[in-house]
file entry_38.cif (mmCIF, C-alpha atoms)
data_data
#
loop_
_atom_site.group_PDB
_atom_site.id
_atom_site.type_symbol
_atom_site.label_atom_id
_atom_site.label_comp_id
_atom_site.auth_asym_id
_atom_site.auth_seq_id
_atom_site.Cartn_x
_atom_site.Cartn_y
_atom_site.Cartn_z
ATOM 1 C CA MET A 1 -26.126 5.135 17.693
ATOM 2 C CA THR A 2 -23.279 3.276 16.038
ATOM 3 C CA ARG A 3 -23.408 -0.498 16.280
ATOM 4 C CA THR A 4 -20.470 -2.899 16.384
ATOM 5 C CA THR A 5 -21.172 -6.282 14.837
ATOM 6 C CA PRO A 6 -19.499 -9.128 16.763
ATOM 7 C CA THR A 7 -17.215 -10.421 14.002
ATOM 8 C CA ASP A 8 -13.448 -10.448 13.759
ATOM 9 C CA ARG A 9 -13.394 -10.269 9.982
ATOM 10 C CA ALA A 10 -14.412 -8.065 7.119
ATOM 11 C CA LEU A 11 -17.803 -8.824 5.617
ATOM 12 C CA GLY A 12 -18.166 -10.676 2.332
ATOM 13 C CA LYS A 13 -19.985 -9.235 -0.651
ATOM 14 C CA HIS A 14 -23.196 -11.144 0.059
ATOM 15 C CA GLU A 15 -23.189 -9.902 3.655
ATOM 16 C CA ILE A 16 -22.771 -6.320 2.446
ATOM 17 C CA ALA A 17 -25.617 -6.861 -0.025
ATOM 18 C CA ALA A 18 -27.816 -8.127 2.809
ATOM 19 C CA LEU A 19 -27.145 -4.919 4.763
ATOM 20 C CA VAL A 20 -28.197 -2.823 1.783
ATOM 21 C CA ALA A 21 -31.363 -4.891 1.310
ATOM 22 C CA ARG A 22 -32.180 -4.467 4.999
ATOM 23 C CA ASP A 23 -32.136 -0.682 4.667
ATOM 24 C CA ILE A 24 -34.304 -0.358 1.540
ATOM 25 C CA PRO A 25 -37.780 0.850 2.572
ATOM 26 C CA GLN A 26 -40.902 -1.164 1.870
ATOM 27 C CA GLY A 27 -42.267 -0.528 -1.607
ATOM 28 C CA ALA A 28 -39.315 1.535 -2.871
ATOM 29 C CA PHE A 29 -38.398 1.789 -6.555
ATOM 30 C CA VAL A 30 -34.728 0.843 -6.812
ATOM 31 C CA ASN A 31 -32.036 0.443 -9.469
ATOM 32 C CA LEU A 32 -29.132 -1.916 -8.801
ATOM 33 C CA GLY A 33 -25.902 -1.047 -10.592
ATOM 34 C CA ILE A 34 -23.719 -3.510 -12.465
ATOM 35 C CA GLY A 35 -21.448 -5.734 -10.389
ATOM 36 C CA GLN A 36 -21.812 -6.362 -6.674
ATOM 37 C CA PRO A 37 -24.969 -4.210 -6.270
ATOM 38 C CA THR A 38 -26.938 -6.767 -8.305
ATOM 39 C CA LEU A 39 -26.523 -9.177 -5.359
ATOM 40 C CA VAL A 40 -28.967 -7.048 -3.358
ATOM 41 C CA ALA A 41 -31.826 -8.597 -5.365
ATOM 42 C CA ASP A 42 -31.066 -11.974 -3.783
ATOM 43 C CA HIS A 43 -31.495 -10.606 -0.248
ATOM 44 C CA LEU A 44 -34.781 -8.704 -0.519
ATOM 45 C CA PRO A 45 -37.629 -10.398 1.386
ATOM 46 C CA ALA A 46 -40.411 -11.743 -0.824
ATOM 47 C CA ASP A 47 -42.909 -9.419 0.881
ATOM 48 C CA SER A 48 -40.744 -6.276 0.652
ATOM 49 C CA GLY A 49 -42.800 -4.745 -2.138
ATOM 50 C CA VAL A 50 -39.562 -3.304 -3.551
ATOM 51 C CA VAL A 51 -39.740 -2.801 -7.317
ATOM 52 C CA LEU A 52 -36.377 -3.286 -9.018
ATOM 53 C CA HIS A 53 -35.667 -1.307 -12.177
ATOM 54 C CA THR A 54 -33.028 -2.335 -14.710
ATOM 55 C CA GLU A 55 -31.264 0.048 -17.044
ATOM 56 C CA ASN A 56 -31.913 -2.251 -19.999
ATOM 57 C CA GLY A 57 -35.684 -1.905 -19.637
ATOM 58 C CA MET A 58 -37.433 -3.922 -16.947
ATOM 59 C CA LEU A 59 -39.492 -3.248 -13.838
ATOM 60 C CA ASN A 60 -40.102 -5.750 -11.042
ATOM 61 C CA MET A 61 -36.982 -7.795 -11.609
ATOM 62 C CA GLY A 62 -36.562 -10.713 -9.240
ATOM 63 C CA PRO A 63 -33.496 -12.508 -7.836
ATOM 64 C CA ALA A 64 -30.786 -14.023 -10.009
ATOM 65 C CA ALA A 65 -31.908 -17.012 -12.090
ATOM 66 C CA ARG A 66 -30.321 -20.402 -11.499
ATOM 67 C CA GLY A 67 -30.622 -23.823 -13.066
ATOM 68 C CA ASP A 68 -33.764 -24.378 -15.120
ATOM 69 C CA ALA A 69 -34.962 -20.842 -14.351
ATOM 70 C CA ILE A 70 -32.235 -19.322 -16.572
ATOM 71 C CA ASP A 71 -33.555 -17.636 -19.702
ATOM 72 C CA PRO A 72 -30.705 -16.200 -21.844
ATOM 73 C CA ASP A 73 -33.077 -13.478 -23.091
ATOM 74 C CA LEU A 74 -33.933 -12.325 -19.551
ATOM 75 C CA THR A 75 -30.956 -10.522 -17.994
ATOM 76 C CA ASN A 76 -30.162 -7.425 -15.962
ATOM 77 C CA ALA A 77 -27.971 -4.589 -17.246
ATOM 78 C CA GLY A 78 -24.878 -6.592 -16.318
ATOM 79 C CA LYS A 79 -26.043 -9.505 -18.526
ATOM 80 C CA VAL A 80 -26.657 -11.713 -15.480
ATOM 81 C CA PRO A 81 -29.696 -14.019 -15.910
ATOM 82 C CA VAL A 82 -32.535 -12.924 -13.632
ATOM 83 C CA THR A 83 -36.109 -13.854 -12.809
ATOM 84 C CA GLU A 84 -39.240 -11.771 -13.150
ATOM 85 C CA LEU A 85 -41.790 -11.132 -10.418
ATOM 86 C CA PRO A 86 -45.572 -10.950 -10.973
ATOM 87 C CA GLY A 87 -46.445 -7.722 -12.762
ATOM 88 C CA ALA A 88 -43.028 -7.364 -14.414
ATOM 89 C CA ALA A 89 -42.972 -4.932 -17.336
ATOM 90 C CA TYR A 90 -40.586 -4.352 -20.234
ATOM 91 C CA PHE A 91 -39.925 -1.129 -22.137
ATOM 92 C CA HIS A 92 -37.580 0.675 -24.496
ATOM 93 C CA HIS A 93 -34.088 1.634 -23.355
ATOM 94 C CA ALA A 94 -34.954 5.321 -23.850
ATOM 95 C CA ASP A 95 -37.946 4.982 -21.524
ATOM 96 C CA SER A 96 -35.711 3.349 -18.940
ATOM 97 C CA PHE A 97 -33.350 6.332 -19.018
ATOM 98 C CA ALA A 98 -36.295 8.712 -18.785
ATOM 99 C CA MET A 99 -37.250 6.987 -15.530
ATOM 100 C CA MET A 100 -33.664 7.284 -14.273
ATOM 101 C CA ARG A 101 -33.243 10.941 -15.208
ATOM 102 C CA GLY A 102 -36.741 12.024 -14.256
ATOM 103 C CA GLY A 103 -36.498 11.452 -10.506
ATOM 104 C CA HIS A 104 -38.715 8.359 -10.504
ATOM 105 C CA LEU A 105 -36.305 6.128 -8.576
ATOM 106 C CA ASP A 106 -36.204 6.243 -4.779
ATOM 107 C CA ILE A 107 -32.750 4.647 -4.484
ATOM 108 C CA CYS A 108 -29.945 3.467 -6.707
ATOM 109 C CA VAL A 109 -27.174 1.194 -5.468
ATOM 110 C CA LEU A 110 -23.868 1.687 -7.281
ATOM 111 C CA GLY A 111 -20.361 0.306 -7.026
ATOM 112 C CA GLY A 112 -17.504 2.695 -6.395
ATOM 113 C CA PHE A 113 -13.786 3.187 -6.913
ATOM 114 C CA GLN A 114 -13.787 6.270 -4.670
ATOM 115 C CA VAL A 115 -16.250 8.298 -2.611
ATOM 116 C CA SER A 116 -15.232 11.662 -1.199
ATOM 117 C CA THR A 117 -16.234 13.151 2.138
ATOM 118 C CA ALA A 118 -18.415 15.580 0.158
ATOM 119 C CA GLY A 119 -20.311 12.675 -1.415
ATOM 120 C CA ASP A 120 -18.643 12.853 -4.818
ATOM 121 C CA LEU A 121 -18.564 9.508 -6.628
ATOM 122 C CA ALA A 122 -15.963 8.043 -8.993
ATOM 123 C CA ASN A 123 -16.958 4.637 -10.323
ATOM 124 C CA TRP A 124 -16.200 4.337 -14.030
ATOM 125 C CA GLN A 125 -12.468 4.828 -14.639
ATOM 126 C CA THR A 126 -9.296 4.339 -12.605
ATOM 127 C CA GLY A 127 -6.842 5.315 -15.291
ATOM 128 C CA ALA A 128 -5.185 1.893 -15.228
ATOM 129 C CA PRO A 129 -3.541 1.068 -18.598
ATOM 130 C CA ASP A 130 -5.645 -2.078 -19.095
ATOM 131 C CA ALA A 131 -8.914 -0.581 -17.808
ATOM 132 C CA ILE A 132 -11.893 -0.211 -20.139
ATOM 133 C CA PRO A 133 -13.843 2.985 -19.322
ATOM 134 C CA ALA A 134 -17.503 2.085 -18.805
ATOM 135 C CA VAL A 135 -19.682 4.794 -17.342
ATOM 136 C CA GLY A 136 -22.942 3.285 -18.663
ATOM 137 C CA GLY A 137 -25.948 4.849 -16.939
ATOM 138 C CA ALA A 138 -24.159 5.613 -13.670
ATOM 139 C CA MET A 139 -24.121 9.383 -14.229
ATOM 140 C CA ASP A 140 -27.853 9.382 -14.945
ATOM 141 C CA LEU A 141 -28.553 7.319 -11.832
ATOM 142 C CA ALA A 142 -26.263 9.369 -9.592
ATOM 143 C CA ILE A 143 -28.148 12.586 -10.331
ATOM 144 C CA GLY A 144 -31.596 11.126 -10.964
ATOM 145 C CA ALA A 145 -32.249 8.884 -7.954
ATOM 146 C CA ARG A 146 -33.531 10.451 -4.743
ATOM 147 C CA LYS A 147 -30.886 8.590 -2.727
ATOM 148 C CA VAL A 148 -27.602 7.018 -3.785
ATOM 149 C CA PHE A 149 -26.116 4.087 -1.872
ATOM 150 C CA VAL A 150 -22.599 2.918 -2.740
ATOM 151 C CA MET A 151 -21.456 -0.652 -2.133
ATOM 152 C CA MET A 152 -17.696 -1.302 -2.159
ATOM 153 C CA THR A 153 -14.720 -2.557 -0.166
ATOM 154 C CA LEU A 154 -13.265 0.182 2.030
ATOM 155 C CA PHE A 155 -9.696 -0.376 0.812
ATOM 156 C CA THR A 156 -8.100 -1.466 -2.448
ATOM 157 C CA LYS A 157 -6.131 -4.700 -2.676
ATOM 158 C CA SER A 158 -2.979 -2.659 -2.027
ATOM 159 C CA GLY A 159 -4.524 -1.033 1.066
ATOM 160 C CA GLU A 160 -5.391 2.384 -0.384
ATOM 161 C CA PRO A 161 -8.576 3.971 1.041
ATOM 162 C CA LYS A 162 -11.593 4.303 -1.221
ATOM 163 C CA LEU A 163 -13.302 6.768 1.137
ATOM 164 C CA VAL A 164 -11.170 9.849 0.600
ATOM 165 C CA PRO A 165 -11.073 13.611 1.242
ATOM 166 C CA ARG A 166 -11.168 14.219 -2.522
ATOM 167 C CA CYS A 167 -11.607 11.855 -5.467
ATOM 168 C CA THR A 168 -8.586 11.511 -7.734
ATOM 169 C CA TYR A 169 -10.363 9.430 -10.402
ATOM 170 C CA PRO A 170 -12.735 10.902 -13.023
ATOM 171 C CA LEU A 171 -16.035 11.779 -11.378
ATOM 172 C CA THR A 172 -19.407 10.176 -11.956
ATOM 173 C CA GLY A 173 -21.353 12.713 -9.918
ATOM 174 C CA LEU A 174 -20.869 15.572 -7.465
ATOM 175 C CA ALA A 175 -22.248 15.476 -3.905
ATOM 176 C CA CYS A 176 -24.589 12.639 -4.855
ATOM 177 C CA VAL A 177 -23.778 9.845 -2.368
ATOM 178 C CA ASP A 178 -25.915 9.473 0.756
ATOM 179 C CA ARG A 179 -24.567 6.249 2.256
ATOM 180 C CA VAL A 180 -21.589 3.933 1.751
ATOM 181 C CA TYR A 181 -21.721 0.208 2.578
ATOM 182 C CA THR A 182 -18.345 -1.493 2.960
ATOM 183 C CA ASP A 183 -16.788 -4.630 4.367
ATOM 184 C CA LEU A 184 -15.651 -2.794 7.521
ATOM 185 C CA ALA A 185 -18.343 -0.200 8.187
ATOM 186 C CA VAL A 186 -21.431 1.626 6.960
ATOM 187 C CA PHE A 187 -21.024 5.392 6.563
ATOM 188 C CA ASP A 188 -23.434 8.269 6.122
ATOM 189 C CA ILE A 189 -22.264 11.246 4.072
ATOM 190 C CA THR A 190 -23.721 14.368 5.680
ATOM 191 C CA PRO A 191 -23.206 18.137 5.278
ATOM 192 C CA GLN A 192 -21.407 18.022 8.649
ATOM 193 C CA GLY A 193 -19.018 15.265 7.558
ATOM 194 C CA VAL A 194 -18.795 11.469 7.484
ATOM 195 C CA THR A 195 -20.540 9.530 10.231
ATOM 196 C CA VAL A 196 -20.337 5.826 11.049
ATOM 197 C CA ARG A 197 -23.577 3.857 11.389
ATOM 198 C CA GLU A 198 -22.126 0.411 11.963
ATOM 199 C CA THR A 199 -18.709 -1.241 12.244
ATOM 200 C CA PHE A 200 -17.617 -4.835 11.638
ATOM 201 C CA GLY A 201 -14.773 -6.209 13.739
ATOM 202 C CA THR A 202 -13.130 -2.797 14.109
ATOM 203 C CA THR A 203 -13.652 0.565 15.825
ATOM 204 C CA ILE A 204 -14.281 4.113 14.688
ATOM 205 C CA ASP A 205 -10.881 5.195 16.025
ATOM 206 C CA ALA A 206 -9.114 2.432 14.093
ATOM 207 C CA LEU A 207 -10.949 3.350 10.912
ATOM 208 C CA ALA A 208 -10.223 7.072 11.353
ATOM 209 C CA SER A 209 -6.537 6.259 11.701
ATOM 210 C CA ARG A 210 -6.422 4.119 8.556
ATOM 211 C CA LEU A 211 -8.514 6.536 6.508
ATOM 212 C CA ASP A 212 -6.892 9.682 7.900
ATOM 213 C CA LEU A 213 -10.360 11.238 8.090
ATOM 214 C CA PRO A 214 -12.399 12.699 10.939
ATOM 215 C CA LEU A 215 -15.189 10.254 11.787
ATOM 216 C CA ARG A 216 -17.958 10.350 14.356
ATOM 217 C CA PRO A 217 -20.858 8.068 15.280
ATOM 218 C CA SER A 218 -24.179 8.489 13.527
ATOM 219 C CA ARG A 219 -27.053 9.675 15.690
ATOM 220 C CA ALA A 220 -29.384 6.984 14.334
#

call {"tool": "encode", "arguments": {"input": "entry_38.cif", "output": "structure tokens"}}
result
Amino acid sequence: MTRTTPTDRALGKHEIAALVARDIPQGAFVNLGIGQPTLVADHLPADSGVVLHTENGMLNMGPAARGDAIDPDLTNAGKVPVTELPGAAYFHHADSFAMMRGGHLDICVLGGFQVSTAGDLANWQTGAPDAIPAVGGAMDLAIGARKVFVMMTLFTKSGEPKLVPRCTYPLTGLACVDRVYTDLAVFDITPQGVTVRETFGTTIDALASRLDLPLRPSRA
């Protein structure tokens, strides 16, 4: 059943991150991509048992470090200072990629420029003249994790949809995305099409009109 959250505004990035954290199962092994997905670490309950993996070689990463807790030698893949939880482990970059490619991660959370209705993901290049292409480990994560969650705004600053019938930017992965978390709604990408799990200050009909896509409520 699709839920409508009683708010008359789009969600902020921390609110989206909290939604993602809410839906990560107890004890899951999870990679958080560079950018907004790293905020998810700050919203995981202390007793979640979730083990966060970083591309640069760490398991059991904790929330972002602040104040006296900042260690310049302890960062995530996006070079943001982080904390370590009890039992944290460090390893070679090659071992980290072996974990990513070998199907050892339950979930990865990635940012996105576009997601197609087939679950294709484009998140490393827009073709803008001043853009610096930076695929990093996203391709490895997109095909290696058991589930892929994407966290992004639903529209660009100029109002162009990011959930599209077909990606027009260079692809990161084909048919890899399971769920999309945005400021206006949460979507499931299914073989039968895109379904809406939750909306924020809008309706499915209004979203379908703006996206020019067929949408229907999720069953659960």

call {"tool": "atom_distance", "arguments": {"input": "entry_38.cif", "atom1": "CA of Thr153 in chain A", "atom2": "CA of Gly112 in chain A"}}
result
8.6 Å

call {"tool": "residues_around", "arguments": {"input": "entry_38.cif", "residues": "Asn76 in chain A", "least_positions_apart": "6", "cutoff": "10 Å", "atoms": "all atoms listed in the file", "output": "CSV table (one decimal) with C-alpha atoms, keeping the file's coordinate frame"}}
result
chain,number,residue,atom,x,y,z
A,32,LEU,CA,-29.1,-1.9,-8.8
A,33,GLY,CA,-25.9,-1.0,-10.6
A,34,ILE,CA,-23.7,-3.5,-12.5
A,38,THR,CA,-26.9,-6.8,-8.3
A,53,HIS,CA,-35.7,-1.3,-12.2
A,54,THR,CA,-33.0,-2.3,-14.7
A,55,GLU,CA,-31.3,0.0,-17.0
A,56,ASN,CA,-31.9,-2.3,-20.0
A,57,GLY,CA,-35.7,-1.9,-19.6
A,58,MET,CA,-37.4,-3.9,-16.9
A,61,MET,CA,-37.0,-7.8,-11.6
A,62,GLY,CA,-36.6,-10.7,-9.2
A,64,ALA,CA,-30.8,-14.0,-10.0
A,82,VAL,CA,-32.5,-12.9,-13.6
A,83,THR,CA,-36.1,-13.9,-12.8

call {"tool": "resolve_selection", "arguments": {"input": "entry_38.cif", "expression": "the PyMOL selection byres ((chain A and resi 142) around 8)", "output": "VMD selection string"}}
result
chain A and resid 108 138 to 141 143 to 145 148 172 to 173 176 to 177

call {"tool": "residues_around", "arguments": {"input": "entry_38.cif", "residues": "range 209-211 of chain A", "least_positions_apart": "6", "cutoff": "8 Å", "atoms": "all atoms listed in the file", "output": "PyMOL selection string"}}
result
chain A and resi 161+163-164

call {"tool": "resolve_selection", "arguments": {"input": "entry_38.cif", "expression": "the PyMOL selection byres ((chain A and resi 147) around 12)", "output": "ChimeraX atom specification"}}
result
/A:23-25,28-31,100,103-110,119,141-146,148-150,175-180,188-189

call {"tool": "atom_distance", "arguments": {"input": "entry_38.cif", "atom1": "CA of Leu171 in chain A", "atom2": "CA of Ala122 in chain A"}}
result
4.4 Å

call {"tool": "resolve_selection", "arguments": {"input": "entry_38.cif", "expression": "the PyMOL selection byres ((chain A and resi 190-207) around 12)", "output": "PyMOL selection string"}}
result
chain A and resi 1-12+15-16+19+23+115-120+154-155+161+163-165+175-189+208-220

call {"tool": "residues_around", "arguments": {"input": "entry_38.cif", "residues": "Gly127 in chain A", "least_positions_apart": "2", "cutoff": "12 Å", "atoms": "only C-alpha atoms", "output": "list of chain:residue names"}}
result
A:Phe113, A:Ala122, A:Asn123, A:Trp124, A:Gln125, A:Pro129, A:Asp130, A:Ala131, A:Ile132, A:Pro133, A:Ala134, A:Thr168, A:Tyr169, A:Pro170, A:Leu171

call {"tool": "atom_distance", "arguments": {"input": "entry_38.cif", "atom1": "CA of Gly111 in chain A", "atom2": "CA of Ser48 in chain A"}}
result
22.8 Å

call {"tool": "residues_around", "arguments": {"input": "entry_38.cif", "residues": "Pro63 in chain A", "least_positions_apart": "4", "cutoff": "9 Å", "atoms": "all atoms listed in the file", "output": "PyMOL selection string"}}
result
chain A and resi 38-44+82-85
